[in-house]
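To start, the structure under review is shown below, and the notes come after it.
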Amino acid sequence: MSTDSRRRALFALFAALVLALGVAACGGDDDDDGGDGGDTGANLIEENADNNGVQVTVGSKNFTEQYILGEIYAQALEAAGYEVKTQLNLGSEVIALRALEDGEIDAYPEYTSTALTSFFDIPPEDVPADAQQAEDDTQAEFEELGLTAFPPTPFSSANAVGLLTEQADELGVSTISDLEGQSEDLTLYGSPECRQRVDCLVGLEDNYGLEFQKFTPVDIGLRYEVLDQGDADLSILFTTDAQLSTSDDYTILEDDQGVLPAGNVLFVARTETVDEAGPDFGEVVESVQGDLSLEVMQELNARVDIDKEDPAEAAEAYLQEFGYIE
Amino acid sequence: MSAPLASLLPLAQGDDFIQERTGTGCVQENGFFCAEWAFDNFDRYVTPLVEHLVLVSASVVAGLAIALGLAVMSHRRRWLVPPLTGLTGVLYTIPSLAFFIVLLPITGFGRTTAIIALTAYTLQIIYRNIVAGLDNVPAASKDAGRGMGMTDRQLLWRVELPLALPEIIAGLRIATVSTVAIATLAVFAGAGGLGDPLYADLTFRTNVLLAGGLAILMAIAFDALLVVAGRVASPWRKVRPV
Amino acid sequence: MSLALVSLGFLDAFTGAIDFIFNQRESTVAGDEVGGLAQIGDLTVDHLEVSAIALAGSLIVAMPIGVWLGHHGRGELLAVAIGNAGRAVPELALIAFMVAFVGVGLVNVSIALLILGIPPILTNSFVAIRQVDRDAVEAARGMGMSEPEIVARVELPLAVPTLMSGVRTAAIAIVATATIAPLAGVVTLGDLIINRNVYGDDGVLAGGILVAVLALAIELTLAGIQRLLTPRGLRLERAPARA
């Protein structure tokens, strides 16, 4: 072939490929009849009329990730035909558990690490590092309370000690233990509950033996602001925070002594509700959380925390994107 | 879309979902006021706005009714004035948030609790103003009424109260403006209102300006409304600046 | 029947709150203890501290201005307008504004509270001086007193009741708003109310009761001070004249 016609052929092939990719990308939201990459068809939650009489109240704790998770589960269950009410923004895990046990809510998403350390009194360093083991332990403990804990989400989250990257460089710290000797001059900001929590301030003081110049409790929503405004030297962050992936300004210190355990999320429900609701309940829950990888969770957090979207809308976008609802 | 092409894009969907973030943009940088975001998300403020309106209206109307009742009672029994002034004063002194919280075990979370507390707040100023207004009714007008053969009750409702209207309106204005401001704390009583979006994100500047701004605008609007109502209701009186 | 249950429920809640005030107990978030007189004492002191700073600040800023304007009879519109505007500012919005635009911490919160205290003090100082009997002022001028002397020895003493009324209003507004100061990183008695997670329902109710009691106590104290400062003559003159 002459160079010209070869070039033309290559160009035509390239254009065809681009066109095909473009069509595919645009046509992605349409319903598919399968294909292995496209799980759209398989994921779609079908409404089952049998579920119509069953009322389910989905709760959540009081921070962004929890609002999103609560909405995802709630909207998914609603798509399956259940009558869903939400009671998001309950408070800390203790309040949420109490609401669950009292029947005020029927289910909410909880972290294995939080459940083990806060409900079941396991010291943070004894929380199994193996995610599977942690889940098994948690499920067993919940069962004793008459609660059913469903299989875990793909992503896990942990508390983390964070600071501005510049300051981390200045102080020359990369692990929490590095703070020894320097922490007395540093201020730490965290949620109000952090003061009492063993996977937060109490653990840092007791297990790492760190003393801070001052601990100031602020609302969870302010955890980055206080670093930005220079009020805080250190701040308690979450490993699933959007800000950590979208910006290099913040650094988290490595938890070298394993005091801040990571936990996957288990949807915990009252066993009687699960029985009443039938098999669809568990199926929907396990299915809908399947695409919650760390990146996706961070993206969802970003949409609410950074773009200031409504958690319900972000949840809906997730469900639509991955084909759970239309 | 045919199957072969679909398999070319196993992660395209998930990747689509995850957006490129450059950290720029009004909302991302927490700019002073992001008009576009405000416009797109205004519907999230509508329910709180309506809730707020309901809370304020209900409380002021209830406060007026109660204060009027108390004032009428004290009109002929002057000994009631100091204790009632004291009582309404005490209610006013208690910080609103504390009042909401103390009511919670009795009336539970929700609108009722908020309205009870908000109504209690309005009592002092409205009561005081109605009493003062009645006191300032010129004796000549009362005499004229009596001369026309009016009973005490008729005198009160046909002569004294109408003449006291400017003072009453003045009190209502103050009470309403204060109530609009205080009702932002109703979120702590589980009653919604503009405090709800405010409290939900204290750091987001556009939100603070929008929710706070709507509250202040509401106060101004109510105030203007009451001024007009006052003029309409008592055209014979030149309205004094308050 | 349900009324009985409601009242029982609420009695139960109140005894729980009283117990919280006096006895330490374990936090609802497993770990440190909460409640008890020591902690309450600390919180109360912090609450009073930030309130006092703000009140002092607003007095220093607003009173001289109000007095000056009143003495010279200028700026009535301004003084009244500021007074009215102050009533329209929601405290939560003010604190939120601080958090969003300025920052958290004691200094910022004090400034916010100070701003809250200015309108009542400014307006009342103005009105108080304005309504002093002009004859008394003229007499003093005739006696050869200088302007500052007139203010200090004639106008201010006669203005005390209205002035103090403004101070009381400001103080109550400041103490009330200091309740939500924990939202901006300054821990006061309001922490008990705002952080239900930490203190539990008993703590929240205890917080409500304590804040109410504190406000009433301050009001009574200031009323007492007002009475002490009011010149004897005025006190007699202002005794209830209503039959």
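All residue names refer to the structure tokens as shown: chains lettered A, B, ... in order, residues numbered from 1 in each chain, ligands numbered from 1 in order.
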
I'd like the neighbourhood of range 296-313 of chain A as a VMD selection string, where a residue qualifies if any of its atoms comes within 8 Å (using only C-alpha atoms), though same-chain residues fewer than 2 positions away should be ignored. (chain A and resid 64 to 65 67 to 68 71 to 72 155 240 to 243 245 291 to 294 315 to 318) or (chain B and resid 14 17 to 19 27 to 28)

So that I can check the surroundings of range 105-114 of chain B, please list as a PDB file with C-alpha atoms, in the first residue's frame every protein, DNA and RNA residue that reaches within 10 Å of it, counting only C-alpha atoms and ignoring chain neighbours fewer than 4 positions away.
ATOM      1  CA  GLU B  51     -41.587  25.168  57.950  1.00  0.00           C
ATOM      2  CA  VAL B  54     -45.435  28.097  59.755  1.00  0.00           C
ATOM      3  CA  LEU B  55     -43.497  28.167  63.011  1.00  0.00           C
ATOM      4  CA  VAL B  56     -43.353  31.954  63.103  1.00  0.00           C
ATOM      5  CA  SER B  59     -46.320  31.281  67.384  1.00  0.00           C
ATOM      6  CA  SER B  96     -34.586  29.582  73.627  1.00  0.00           C
ATOM      7  CA  LEU B  97     -32.423  26.521  73.142  1.00  0.00           C
ATOM      8  CA  PHE B  99     -36.485  26.108  76.613  1.00  0.00           C
ATOM      9  CA  PHE B 100     -36.747  23.708  73.659  1.00  0.00           C
ATOM     10  CA  ILE B 101     -34.637  21.133  75.460  1.00  0.00           C
ATOM     11  CA  LEU B 118     -41.655  30.375  70.551  1.00  0.00           C
ATOM     12  CA  THR B 119     -45.086  31.492  71.711  1.00  0.00           C
ATOM     13  CA  ALA B 120     -43.805  31.874  75.249  1.00  0.00           C
ATOM     14  CA  ALA B 183     -36.964  29.913  65.114  1.00  0.00           C
ATOM     15  CA  LEU B 185     -32.912  27.092  66.647  1.00  0.00           C
ATOM     16  CA  ALA B 186     -36.067  25.036  66.222  1.00  0.00           C
ATOM     17  CA  VAL B 187     -33.945  22.449  64.482  1.00  0.00           C
ATOM     18  CA  PHE B 188     -32.773  21.376  67.921  1.00  0.00           C
ATOM     19  CA  ALA B 189     -36.349  20.603  68.827  1.00  0.00           C
ATOM     20  CA  GLY B 190     -36.775  18.518  65.715  1.00  0.00           C
ATOM     21  CA  ALA B 191     -39.037  21.088  64.101  1.00  0.00           C
ATOM     22  CA  GLY B 192     -37.061  21.916  60.974  1.00  0.00           C
ATOM     23  CA  GLY B 193     -37.052  25.488  59.772  1.00  0.00           C
TER      24      GLY B 193
ATOM     25  CA  VAL C   6     -46.457  11.139  79.834  1.00  0.00           C
ATOM     26  CA  SER C   7     -45.968  12.760  83.207  1.00  0.00           C
ATOM     27  CA  LEU C   8     -44.217   9.688  84.539  1.00  0.00           C
ATOM     28  CA  GLY C   9     -41.969   9.748  81.521  1.00  0.00           C
ATOM     29  CA  PHE C  10     -41.083  13.310  82.018  1.00  0.00           C
ATOM     30  CA  LEU C  11     -40.479  12.950  85.732  1.00  0.00           C
ATOM     31  CA  ASP C  12     -38.161  10.108  84.936  1.00  0.00           C
ATOM     32  CA  ALA C  13     -36.304  12.246  82.462  1.00  0.00           C
ATOM     33  CA  PHE C  14     -35.909  15.041  84.986  1.00  0.00           C
ATOM     34  CA  ASP C 201     -30.253  12.243  76.950  1.00  0.00           C
ATOM     35  CA  LEU C 205     -31.742  17.782  79.590  1.00  0.00           C
TER      36      LEU C 205
END

Of B:Ala58, B:Val131, B:Leu161, B:Ile168, the one nearest to Arg77 in chain B when counting only C-alpha atoms is B:Val131

When the cut-off is 6 Å and we count only C-alpha atoms, which residues of chain B are near chain C, given as a list of chain:residue names?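 Residues of chain B within 6 Å of chain C, counting only C-alpha atoms: B:Ile94, B:Pro95, B:Ala98, B:Ile101, B:Val102, B:Pro105, B:Ile106, B:Val177, B:Ser178, B:Ala181, B:Leu202, B:Thr203, B:Arg205, B:Gly212.
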
So which residues touch range 43-59 of chain C within 9 Å, counting only C-alpha atoms, skipping near sequence neighbours fewer than 2 positions away, as a ChimeraX atom specification? /C:38-41,61-64,106-107,109-119,121-122,167,170-171,174-175,177-179,181,186-192,210-211,214

Calculated over only C-alpha atoms, which of the candidates A:Leu145, A:Leu237, A:Ile220, A:Leu116 has the smallest distance to chain B? A:Ile220

Find the residues of chain A in contact range of chain C, meaning any atom within 7 Å when counting only C-alpha atoms, and list them as a PyMOL selection string. chain A and resi 91-92+94+118+192-193+196-198+216-219+229

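Across range 113-206 of chain A, DSSP run on the backbone finds strand (DSSP E) at Leu147, Thr148, Ala149, Ser156, Ser157, Asn159, Ala160, Val161, Gly162, Leu163, Leu164, Thr187, Leu188, Tyr189 and Gly190 of chain A.
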
Could you tell me which of A:Asn62, A:Ala158, A:Gly172, A:Asp106 comes closest to chain B if we count only C-alpha atoms?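 The closest residue to chain B is A:Asn62.
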
Give me the residues within 12 Å of range 142-157 of chain B as a list in words, counting only C-alpha atoms and dropping any in the same chain fewer than 4 places off.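 Here the qualifying residues turn out to be Leu68, Ala71, Val72, Met73, His75, Arg76, Ile130, Gly133, Leu134, Asp135, Asn136, Val137, Pro138, Leu161, Pro162, Leu163, Ala164 and Leu165 of chain B.
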
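Residues with any atom within 9 Å of Leu156 in chain C, counting only C-alpha atoms and excluding same-chain neighbours fewer than 6 positions away, are Val67, Ala128, Ile129, Val132, Ile150 and Leu163 of chain C.
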
For N, CA and C atoms, I'd like the residues from the last selection saved as an mmCIF file, in the first residue's frame.
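Saved file result-v2.cif follows:
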data_model
loop_
_atom_site.group_PDB
_atom_site.id
_atom_site.type_symbol
_atom_site.label_atom_id
_atom_site.label_comp_id
_atom_site.auth_asym_id
_atom_site.auth_seq_id
_atom_site.Cartn_x
_atom_site.Cartn_y
_atom_site.Cartn_z
ATOM 1 N N VAL C 67 -23.942 56.967 74.272
ATOM 2 C CA VAL C 67 -24.017 58.114 75.167
ATOM 3 C C VAL C 67 -23.710 59.405 74.424
ATOM 4 N N ALA C 128 -31.544 56.278 76.726
ATOM 5 C CA ALA C 128 -31.424 56.616 78.141
ATOM 6 C C ALA C 128 -30.955 58.054 78.330
ATOM 7 N N ILE C 129 -29.930 58.426 77.574
ATOM 8 C CA ILE C 129 -29.405 59.786 77.713
ATOM 9 C C ILE C 129 -30.414 60.791 77.157
ATOM 10 N N VAL C 132 -33.262 61.901 79.472
ATOM 11 C CA VAL C 132 -32.993 62.620 80.723
ATOM 12 C C VAL C 132 -33.645 63.991 80.622
ATOM 13 N N ILE C 150 -21.282 67.104 82.718
ATOM 14 C CA ILE C 150 -22.729 66.962 82.634
ATOM 15 C C ILE C 150 -23.089 65.510 82.378
ATOM 16 N N LEU C 163 -30.268 52.309 80.875
ATOM 17 C CA LEU C 163 -28.967 51.781 80.503
ATOM 18 C C LEU C 163 -28.830 50.342 80.954
#
